[in-house]
>>> print(open('my_file15.cif').read())   # mmCIF, C-alpha atoms
data_start
loop_
_atom_site.label_atom_id
_atom_site.label_comp_id
_atom_site.auth_asym_id
_atom_site.auth_seq_id
_atom_site.Cartn_x
_atom_site.Cartn_y
_atom_site.Cartn_z
CA MET A 1 165.01 0.92 56.89
CA ARG A 2 161.63 1.30 58.54
CA PRO A 3 161.21 -0.13 62.06
CA LEU A 4 158.91 -3.03 61.09
CA GLU A 5 160.47 -4.04 57.78
CA GLY A 6 160.73 -7.83 57.74
CA ILE A 7 157.62 -8.26 59.90
CA THR A 8 154.58 -9.87 58.25
CA VAL A 9 151.08 -9.35 59.57
CA VAL A 10 148.15 -11.49 58.41
CA THR A 11 144.83 -9.91 59.27
CA LEU A 12 141.23 -11.06 59.09
CA GLU A 13 139.65 -7.67 59.59
CA HIS A 14 136.71 -5.48 58.78
CA ALA A 15 135.33 -2.05 59.62
CA ILE A 16 137.70 0.20 61.60
CA ALA A 17 139.32 -1.11 64.79
CA ALA A 18 141.56 -3.82 63.32
CA PRO A 19 142.19 -2.07 59.97
CA PHE A 20 143.27 1.10 61.82
CA ALA A 21 145.71 -0.91 63.94
CA THR A 22 147.22 -2.81 61.02
CA ARG A 23 147.47 0.27 58.80
CA GLN A 24 149.74 1.82 61.40
CA LEU A 25 151.87 -1.32 61.41
CA ALA A 26 152.08 -0.94 57.63
CA ASP A 27 153.07 2.71 58.08
CA LEU A 28 156.07 1.45 60.05
CA GLY A 29 157.08 -0.89 57.24
CA ALA A 30 155.34 -4.17 58.10
CA ARG A 31 153.99 -6.31 55.27
CA VAL A 32 150.24 -6.52 55.95
CA ILE A 33 148.26 -9.22 54.12
CA LYS A 34 144.56 -8.42 54.40
CA ILE A 35 142.28 -11.44 53.99
CA GLU A 36 138.98 -10.49 52.30
CA ARG A 37 135.92 -12.39 51.15
CA PRO A 38 135.87 -13.03 47.38
CA GLY A 39 133.58 -10.65 45.54
CA VAL A 40 132.65 -8.69 48.67
CA GLY A 41 135.69 -7.91 50.75
CA ASP A 42 135.82 -5.88 53.93
CA PHE A 43 132.28 -4.54 54.33
CA ALA A 44 133.73 -1.08 54.97
CA ARG A 45 134.37 -1.00 51.22
CA GLY A 46 130.62 -0.47 50.86
CA TYR A 47 130.08 2.23 53.49
CA ASP A 48 130.00 5.05 50.93
CA THR A 49 131.48 6.16 47.60
CA ARG A 50 132.80 9.58 48.58
CA VAL A 51 136.42 9.19 47.38
CA ARG A 52 135.82 9.00 43.63
CA GLY A 53 133.76 5.87 44.14
CA ILE A 54 135.78 4.34 47.01
CA ALA A 55 134.57 4.36 50.63
CA SER A 56 136.06 7.08 52.83
CA HIS A 57 136.61 4.72 55.78
CA PHE A 58 138.41 2.22 53.57
CA VAL A 59 140.78 4.76 52.04
CA TRP A 60 141.65 6.02 55.53
CA THR A 61 142.49 2.66 57.13
CA ASN A 62 143.87 0.41 54.39
CA ARG A 63 146.79 1.98 52.55
CA SER A 64 150.02 0.00 52.13
CA LYS A 65 148.29 -3.39 52.48
CA GLU A 66 148.03 -6.41 50.20
CA SER A 67 144.52 -7.72 49.51
CA LEU A 68 144.18 -11.51 49.30
CA THR A 69 140.71 -12.91 48.69
CA LEU A 70 139.96 -16.20 50.43
CA ASP A 71 136.69 -17.88 51.34
CA VAL A 72 137.92 -19.01 54.73
CA LYS A 73 135.09 -21.55 54.97
CA HIS A 74 136.42 -23.36 51.89
CA PRO A 75 138.89 -26.19 52.76
CA GLU A 76 141.41 -25.14 50.09
CA ALA A 77 141.28 -21.54 51.25
CA GLN A 78 141.76 -22.61 54.87
CA ALA A 79 144.83 -24.58 53.84
CA ILE A 80 146.25 -21.55 52.02
CA LEU A 81 145.63 -19.28 54.98
CA LYS A 82 147.26 -21.61 57.48
CA ARG A 83 150.22 -22.11 55.19
CA ILE A 84 150.74 -18.32 54.86
CA ILE A 85 150.56 -17.94 58.62
CA GLU A 86 152.88 -20.84 59.35
CA GLU A 87 155.45 -19.87 56.72
CA ASP A 88 155.38 -16.08 56.84
CA ALA A 89 153.38 -14.50 59.64
CA ASP A 90 154.84 -12.84 62.70
CA VAL A 91 151.49 -11.41 63.79
CA VAL A 92 147.87 -12.44 63.23
CA VAL A 93 145.15 -9.86 63.85
CA GLN A 94 141.42 -10.55 63.76
CA ASN A 95 138.18 -8.82 64.71
CA LEU A 96 135.74 -11.46 63.51
CA ALA A 97 132.69 -12.40 65.54
CA PRO A 98 133.56 -13.89 68.96
CA GLY A 99 134.77 -17.48 68.56
CA ALA A 100 134.95 -17.38 64.75
CA ALA A 101 138.75 -17.33 64.53
CA ALA A 102 139.04 -20.23 66.98
CA ARG A 103 136.61 -22.29 64.90
CA LEU A 104 138.89 -21.70 61.91
CA GLY A 105 141.87 -22.99 63.88
CA LEU A 106 143.35 -19.50 64.21
CA SER A 107 143.41 -19.15 67.97
CA TYR A 108 146.71 -18.44 69.67
CA GLU A 109 146.49 -21.83 71.37
CA ALA A 110 146.26 -23.61 68.03
CA LEU A 111 148.76 -21.51 66.09
CA SER A 112 151.38 -21.46 68.83
CA GLN A 113 151.56 -25.26 68.74
CA VAL A 114 153.21 -25.07 65.32
CA LYS A 115 154.67 -21.56 65.61
CA PRO A 116 155.67 -20.71 69.21
CA GLY A 117 156.77 -17.17 68.33
CA ILE A 118 153.44 -16.15 66.80
CA ILE A 119 151.65 -13.07 68.16
CA VAL A 120 147.86 -13.19 67.89
CA CYS A 121 145.80 -10.06 68.54
CA ASP A 122 142.06 -10.58 69.01
CA ILE A 123 139.94 -7.42 68.91
CA SER A 124 136.31 -7.54 70.03
CA GLY A 125 133.61 -5.38 71.50
CA TYR A 126 133.61 -6.72 75.04
CA GLY A 127 136.52 -9.16 75.33
CA ASP A 128 136.68 -12.94 75.23
CA SER A 129 134.88 -13.58 78.53
CA GLY A 130 132.11 -12.21 80.70
CA PRO A 131 128.34 -11.90 80.17
CA TYR A 132 128.70 -9.47 77.23
CA ARG A 133 131.17 -11.67 75.32
CA ASP A 134 128.77 -12.51 72.46
CA LYS A 135 126.92 -9.20 72.37
CA LYS A 136 127.16 -7.28 69.09
CA ALA A 137 129.33 -4.21 69.41
CA TYR A 138 129.26 -1.25 67.05
CA ASP A 139 130.96 2.05 67.75
CA LEU A 140 127.78 3.90 68.81
CA LEU A 141 126.86 1.07 71.17
CA ILE A 142 130.28 1.06 72.85
CA GLN A 143 130.22 4.86 73.18
CA SER A 144 126.94 4.34 75.03
CA GLU A 145 128.09 1.43 77.21
CA ALA A 146 131.31 3.24 78.21
CA GLY A 147 129.33 6.27 79.39
CA PHE A 148 130.71 8.61 76.73
CA VAL A 149 127.26 9.51 75.38
CA SER A 150 125.99 10.31 78.88
CA VAL A 151 128.48 13.17 79.28
CA THR A 152 128.55 14.41 75.68
CA GLY A 153 126.13 16.75 73.91
CA THR A 154 123.75 19.30 75.39
CA GLU A 155 121.62 19.14 78.52
CA ASP A 156 118.65 18.07 76.41
CA THR A 157 120.42 15.95 73.81
CA PRO A 158 123.01 13.27 74.61
CA SER A 159 125.35 12.85 71.64
CA LYS A 160 127.95 10.49 70.25
CA ALA A 161 131.30 11.65 68.94
CA GLY A 162 131.38 12.24 65.19
CA PRO A 163 134.38 9.98 64.46
CA SER A 164 134.20 6.34 65.55
CA ILE A 165 136.24 6.84 68.70
CA ALA A 166 135.54 3.42 70.24
CA ASP A 167 136.98 1.75 67.15
CA ILE A 168 139.89 4.19 67.08
CA ALA A 169 140.66 3.61 70.76
CA ALA A 170 140.66 -0.17 70.31
CA GLY A 171 142.80 0.15 67.19
CA MET A 172 145.35 2.28 69.02
CA TYR A 173 145.60 -0.15 71.96
CA ALA A 174 145.89 -3.09 69.57
CA TYR A 175 148.66 -1.31 67.69
CA THR A 176 150.67 -0.41 70.80
CA ASN A 177 150.20 -3.83 72.38
CA ILE A 178 151.42 -5.52 69.19
CA LEU A 179 154.53 -3.32 69.22
CA ALA A 180 155.12 -4.28 72.86
CA ALA A 181 154.65 -7.98 72.03
CA LEU A 182 157.18 -7.70 69.21
CA MET A 183 159.68 -6.14 71.63
CA HIS A 184 158.98 -8.93 74.14
CA ARG A 185 159.56 -11.56 71.45
CA GLN A 186 162.80 -9.90 70.41
CA LYS A 187 164.06 -10.21 73.99
CA THR A 188 162.69 -13.68 74.85
CA GLY A 189 161.69 -15.43 71.61
CA GLU A 190 158.18 -15.88 73.01
CA GLY A 191 154.98 -15.11 71.16
CA GLN A 192 151.75 -14.31 72.96
CA ARG A 193 148.06 -13.56 72.67
CA ILE A 194 146.65 -10.04 72.98
CA ASP A 195 142.98 -9.53 73.87
CA VAL A 196 141.73 -5.99 73.11
CA SER A 197 138.22 -4.89 74.05
CA MET A 198 136.53 -1.81 72.58
CA LEU A 199 134.66 -1.28 75.86
CA GLU A 200 137.84 -1.40 77.94
CA SER A 201 139.67 0.87 75.48
CA LEU A 202 137.04 3.60 75.55
CA THR A 203 136.46 3.25 79.30
CA GLU A 204 140.16 4.06 79.76
CA TRP A 205 139.53 7.30 77.86
CA MET A 206 136.67 8.05 80.27
CA GLY A 207 139.03 8.31 83.24
CA TYR A 208 138.35 11.97 84.03
CA PRO A 209 134.52 11.78 84.15
CA LEU A 210 134.74 8.51 86.06
CA TYR A 211 136.95 9.97 88.78
CA TYR A 212 135.00 13.23 88.75
CA SER A 213 131.93 11.21 89.75
CA PHE A 214 133.87 8.99 92.20
CA GLU A 215 131.91 7.34 95.01
CA GLY A 216 128.54 8.51 93.80
CA ALA A 217 129.36 12.16 93.15
CA ALA A 218 127.40 13.89 90.38
CA PRO A 219 128.90 13.30 86.93
CA PRO A 220 129.96 16.15 84.63
CA LYS A 221 127.00 17.87 83.01
CA ARG A 222 126.53 17.83 79.25
CA THR A 223 127.56 21.29 78.10
CA GLY A 224 127.86 21.02 74.32
CA ALA A 225 131.20 22.34 73.08
CA SER A 226 131.90 24.00 76.43
CA HIS A 227 133.94 22.32 79.16
CA ALA A 228 131.80 20.82 81.91
CA THR A 229 134.15 21.72 84.77
CA ILE A 230 136.31 24.64 83.56
CA TYR A 231 134.95 28.10 82.64
CA PRO A 232 135.21 30.13 80.46
CA TYR A 233 136.14 27.28 78.11
CA GLY A 234 134.17 26.82 74.91
CA PRO A 235 132.45 28.67 72.06
CA PHE A 236 131.39 32.31 72.22
CA PRO A 237 129.70 34.35 69.43
CA ALA A 238 131.33 37.51 68.17
CA GLY A 239 129.47 40.53 66.82
CA ASP A 240 129.82 39.42 63.19
CA GLY A 241 128.00 36.13 63.85
CA LYS A 242 131.13 33.99 63.82
CA THR A 243 132.10 31.76 66.73
CA VAL A 244 135.34 32.02 68.68
CA MET A 245 136.58 29.04 70.71
CA LEU A 246 138.63 29.92 73.75
CA GLY A 247 139.83 28.32 76.97
CA LEU A 248 141.25 29.49 80.30
CA GLN A 249 143.26 27.23 82.60
CA ASN A 250 144.34 29.32 85.61
CA GLU A 251 143.86 32.53 87.59
CA ARG A 252 146.64 34.39 85.77
CA GLU A 253 144.80 33.82 82.49
CA TRP A 254 141.50 34.83 84.10
CA LYS A 255 142.93 38.22 85.11
CA ALA A 256 144.44 38.76 81.67
CA PHE A 257 141.15 37.78 80.04
CA CYS A 258 139.18 40.30 82.11
CA GLY A 259 141.67 43.13 81.67
CA GLN A 260 142.92 42.72 78.10
CA VAL A 261 140.15 40.86 76.30
CA LEU A 262 136.94 41.97 78.00
CA GLN A 263 138.57 45.28 79.07
CA GLN A 264 136.76 44.96 82.38
CA PRO A 265 139.63 44.50 84.90
CA ALA A 266 137.32 44.88 87.92
CA LEU A 267 135.53 41.68 86.89
CA ALA A 268 138.58 39.64 87.88
CA SER A 269 138.12 40.48 91.56
CA GLU A 270 134.37 39.89 91.79
CA GLU A 271 133.73 37.31 94.49
CA ARG A 272 131.33 35.22 92.38
CA TYR A 273 134.12 34.70 89.80
CA ALA A 274 137.02 34.43 92.25
CA SER A 275 137.86 30.79 91.41
CA ASN A 276 137.16 28.30 88.67
CA PRO A 277 134.48 26.43 90.69
CA LYS A 278 132.70 29.74 91.28
CA ARG A 279 132.91 30.66 87.62
CA VAL A 280 131.46 27.26 86.72
CA ALA A 281 128.61 27.77 89.21
CA ASN A 282 127.85 31.20 87.74
CA ARG A 283 128.56 30.33 84.13
CA ALA A 284 125.21 31.60 82.81
CA ASP A 285 125.80 35.14 84.08
CA LEU A 286 129.43 35.11 82.99
CA TYR A 287 128.45 33.89 79.53
CA GLU A 288 126.15 36.89 79.08
CA THR A 289 128.90 39.27 80.18
CA ILE A 290 131.35 37.78 77.68
CA VAL A 291 128.84 37.81 74.83
CA GLN A 292 128.01 41.47 75.51
CA ALA A 293 131.70 42.35 75.46
CA PHE A 294 132.20 40.52 72.16
CA ALA A 295 129.05 41.97 70.55
CA THR A 296 130.87 45.05 69.23
CA LEU A 297 133.81 43.06 67.90
CA THR A 298 134.38 40.86 64.88
CA ALA A 299 135.71 37.34 65.44
CA ASP A 300 139.09 38.45 64.10
CA GLU A 301 139.20 41.34 66.60
CA VAL A 302 138.35 38.99 69.46
CA VAL A 303 141.14 36.63 68.39
CA GLN A 304 143.60 39.54 68.21
CA ARG A 305 142.79 40.43 71.82
CA LEU A 306 143.05 36.80 72.91
CA GLU A 307 146.42 36.41 71.22
CA ALA A 308 147.71 39.61 72.80
CA ALA A 309 146.63 38.32 76.22
CA GLN A 310 148.09 34.86 75.50
CA ILE A 311 144.70 33.22 75.93
CA ALA A 312 144.27 29.90 74.09
CA ASN A 313 141.88 30.10 71.16
CA ALA A 314 140.94 28.27 67.98
CA GLN A 315 138.75 28.41 64.92
CA VAL A 316 135.83 26.01 64.55
CA ASN A 317 137.00 24.73 61.20
CA THR A 318 134.94 22.94 58.60
CA MET A 319 136.33 19.88 56.83
CA ALA A 320 137.21 22.06 53.83
CA GLU A 321 139.17 24.39 56.11
CA VAL A 322 141.06 21.46 57.65
CA TRP A 323 142.05 20.25 54.18
CA ALA A 324 143.52 23.74 53.62
CA HIS A 325 144.84 24.31 57.17
CA PRO A 326 147.88 26.62 56.96
CA GLN A 327 149.70 24.86 59.82
CA LEU A 328 149.44 21.43 58.18
CA LYS A 329 150.54 22.98 54.89
CA ALA A 330 153.50 24.81 56.45
CA ARG A 331 154.71 21.59 58.11
CA GLU A 332 154.24 19.65 54.85
CA ARG A 333 152.00 17.06 56.52
CA TRP A 334 150.14 16.10 53.34
CA THR A 335 151.33 13.59 50.79
CA GLU A 336 149.56 11.42 48.22
CA VAL A 337 148.69 7.74 48.04
CA ALA A 338 147.62 5.75 45.03
CA THR A 339 144.21 4.10 44.67
CA SER A 340 142.44 2.29 41.86
CA VAL A 341 140.88 5.64 40.87
CA GLY A 342 144.05 7.73 40.97
CA THR A 343 146.06 9.42 43.69
CA VAL A 344 144.38 11.05 46.67
CA PRO A 345 145.84 13.22 49.44
CA ALA A 346 146.75 11.54 52.71
CA LEU A 347 147.92 12.93 56.03
CA LEU A 348 151.32 11.68 57.09
CA PRO A 349 151.15 9.64 60.32
CA PRO A 350 151.49 11.86 63.40
CA GLY A 351 155.08 12.05 64.56
CA SER A 352 158.02 13.12 62.39
CA TRP A 353 161.02 10.83 62.09
CA SER A 354 164.51 12.29 62.05
CA LYS A 355 165.62 9.15 60.24
CA GLY A 356 163.54 7.63 57.48
CA ALA A 357 159.90 8.16 56.59
CA PRO A 358 156.66 6.21 56.99
CA ARG A 359 155.42 3.90 54.29
CA MET A 360 152.62 5.47 52.23
CA ASP A 361 151.78 2.90 49.55
CA ALA A 362 148.57 2.32 47.62
CA VAL A 363 145.10 1.47 48.92
CA PRO A 364 144.49 -2.01 47.45
CA ALA A 365 141.67 -3.00 45.16
CA LEU A 366 139.75 -6.09 46.26
CA GLY A 367 141.91 -9.17 45.65
CA GLN A 368 144.60 -7.13 43.92
CA HIS A 369 147.43 -9.26 45.31
CA THR A 370 145.77 -12.68 45.30
CA ASP A 371 147.56 -14.04 42.24
CA ALA A 372 150.96 -12.74 43.30
CA ILE A 373 150.67 -14.14 46.84
CA LEU A 374 149.52 -17.54 45.59
CA ALA A 375 152.26 -17.59 42.98
CA GLY A 376 154.74 -16.88 45.77
CA LEU A 377 153.44 -20.01 47.50
CA GLY A 378 154.16 -22.03 44.35
CA TYR A 379 150.68 -22.16 42.78
CA SER A 380 150.63 -22.22 38.98
CA VAL A 381 148.38 -20.04 36.86
CA GLU A 382 146.19 -23.05 36.19
CA GLN A 383 145.91 -23.92 39.86
CA ILE A 384 144.95 -20.35 40.72
CA GLN A 385 142.30 -20.37 38.01
CA GLY A 386 140.98 -23.63 39.43
CA LEU A 387 140.78 -22.18 42.95
CA ARG A 388 138.95 -19.18 41.58
CA ALA A 389 136.51 -21.39 39.71
CA GLU A 390 135.78 -23.28 42.94
CA GLY A 391 135.14 -20.00 44.78
CA ALA A 392 138.02 -20.57 47.17
CA VAL A 393 139.74 -17.30 46.24
#
>>> encode(input="my_file15.cif", output="structure tokens")
Amino acid sequence: MRPLEGITVVTLEHAIAAPFATRQLADLGARVIKIERPGVGDFARGYDTRVRGIASHFVWTNRSKESLTLDVKHPEAQAILKRIIEEDADVVVQNLAPGAAARLGLSYEALSQVKPGIIVCDISGYGDSGPYRDKKAYDLLIQSEAGFVSVTGTEDTPSKAGPSIADIAAGMYAYTNILAALMHRQKTGEGQRIDVSMLESLTEWMGYPLYYSFEGAAPPKRTGASHATIYPYGPFPAGDGKTVMLGLQNEREWKAFCGQVLQQPALASEERYASNPKRVANRADLYETIVQAFATLTADEVVQRLEAAQIANAQVNTMAEVWAHPQLKARERWTEVATSVGTVPALLPPGSWSKGAPRMDAVPALGQHTDAILAGLGYSVEQIQGLRAEGAV
């Protein structure tokens, strides 16, 4: 039995933050009913067509869910939604525009009047109060507001992260807070409201640069793929044109790096490199020394020296190389999930269970489960056809 079997989640979600949170609840066995607009659905369905015609974001964040189409502005659809919540839901998740869920009667205050144990998780860009409450919030904008962009990229070019990390951060905090709320309810019988802000989630991840610049101190510089405050730590070219990523953490590793990798043991005792702050201050000169030492070596030869010296290193893999990563293959981390266009590979959720396995069911087509869910509520075929004709489902 999976940990969340018997728990039903009803979610009015789109894009990434809420779908990422609820997909992980589904991984743990929860029944997740995804409410989508008839004919359109979650707008992430239209982001691209890279997975045999299905959007990459949607495949990633929506497996193991049931898709129910409802026009939540239609009175009949509203009645269906409230009935599902009142009869079946343990958790309601939503990342609609600020205030939209409350206008639909789906606030915690409203739902808890008829269902005291309900857990309602509201995900938004800036939270439910404050001057930014109604401001539109997309991932790039939150990366900017949280200061992430200001410390990422090169000296000349501030950059965002490639993946949508503000959405992912909010999704992770929504997921963990929902689990905590379920534990609280198990102990006390009480439901509660959870308010998750993308800005607050990503700002938490910015703890190191925030404290590094505490009380007006200069913030970390943008240093591309290198570390702003530890050196050597980053990418270095080898003689064959390939890049080696490496990182040092302490003085023992610095001595081993100089002696065994660079084969310049005297470098370790040079005063200008005698501590990490000094190496950071003289990083330009040290970079040239490292590059010159690597110039006669292939990337593989550099890695062999790094491994022998027990210096951390990595390849800068492409997406194709990650798909074929030998470590993921050796640990059997790939499985398959069904979609409307056939099975596709899917990474198992991080964390291996000694008992049981995560749920890895199909990615739903738009409205795939509408008829079955309505039939479960007692609607006849004719009634469902009538609702569809009215545009309610």
>>> residues_around(input="my_file15.cif", residues="Leu202 in chain A", least_positions_apart="3", cutoff="7 Å", atoms="all atoms listed in the file", output="VMD selection string")
chain A and resid 146 166 169 198 to 199 205 to 206
>>> residues_near_point(input="my_file15.cif", point="(129.6, 39.4, 77.4)", cutoff="12 Å", atoms="all atoms listed in the file", output="JSON, numbers by chain")
{"A": [232, 236, 237, 238, 239, 257, 258, 261, 262, 263, 264, 267, 283, 284, 285, 286, 287, 288, 289, 290, 291, 292, 293, 294, 295, 296, 297, 302]}
>>> residues_near_point(input="my_file15.cif", point="(145.8, 36.2, 75.0)", cutoff="8 Å", atoms="only C-alpha atoms", output="ChimeraX atom specification")
/A:253,256-257,260-261,304-312
>>> closest_atom_pairs(input="my_file15.cif", of="range 8-80 of chain A", to="range 376-390 of chain A", cutoff="12 Å", atoms="all atoms listed in the file", output="Markdown table")
| residue | atom | partner | partner_atom | distance |
| --- | --- | --- | --- | --- |
| A:Pro38 | CA | A:Arg388 | CA | 9.0 |
| A:Gly39 | CA | A:Arg388 | CA | 10.8 |
| A:Thr69 | CA | A:Arg388 | CA | 9.6 |
| A:Leu70 | CA | A:Arg388 | CA | 9.4 |
| A:Asp71 | CA | A:Glu390 | CA | 10.0 |
| A:His74 | CA | A:Glu390 | CA | 9.0 |
| A:Pro75 | CA | A:Glu390 | CA | 10.7 |
| A:Glu76 | CA | A:Leu387 | CA | 7.8 |
| A:Ala77 | CA | A:Leu387 | CA | 8.3 |
| A:Gln78 | CA | A:Leu387 | CA | 12.0 |
| A:Ala79 | CA | A:Leu377 | CA | 11.6 |
| A:Ile80 | CA | A:Leu377 | CA | 8.6 |
>>> residues_around(input="my_file15.cif", residues="Gly224 in chain A", least_positions_apart="4", cutoff="7 Å", atoms="only C-alpha atoms", output="PyMOL selection string")
chain A and resi 152-154
>>> residues_around(input="my_file15.cif", residues="range 118-120 of chain A", least_positions_apart="2", cutoff="12 Å", atoms="only C-alpha atoms", output="PyMOL selection string")
chain A and resi 7-12+85-95+101-102+106-116+122-123+174-175+177-186+189-196
>>> atom_distance(input="my_file15.cif", atom1="CA of Ser67 in chain A", atom2="CA of Met1 in chain A")
23.4 Å
>>> residues_around(input="my_file15.cif", residues="Trp60 in chain A", least_positions_apart="6", cutoff="10 Å", atoms="only C-alpha atoms", output="PyMOL selection string")
chain A and resi 16+19-20+23+346-347+363
>>> atom_distance(input="my_file15.cif", atom1="CA of His57 in chain A", atom2="CA of His14 in chain A")
10.6 Å
>>> atom_distance(input="my_file15.cif", atom1="CA of Glu271 in chain A", atom2="CA of Tyr233 in chain A")
19.4 Å
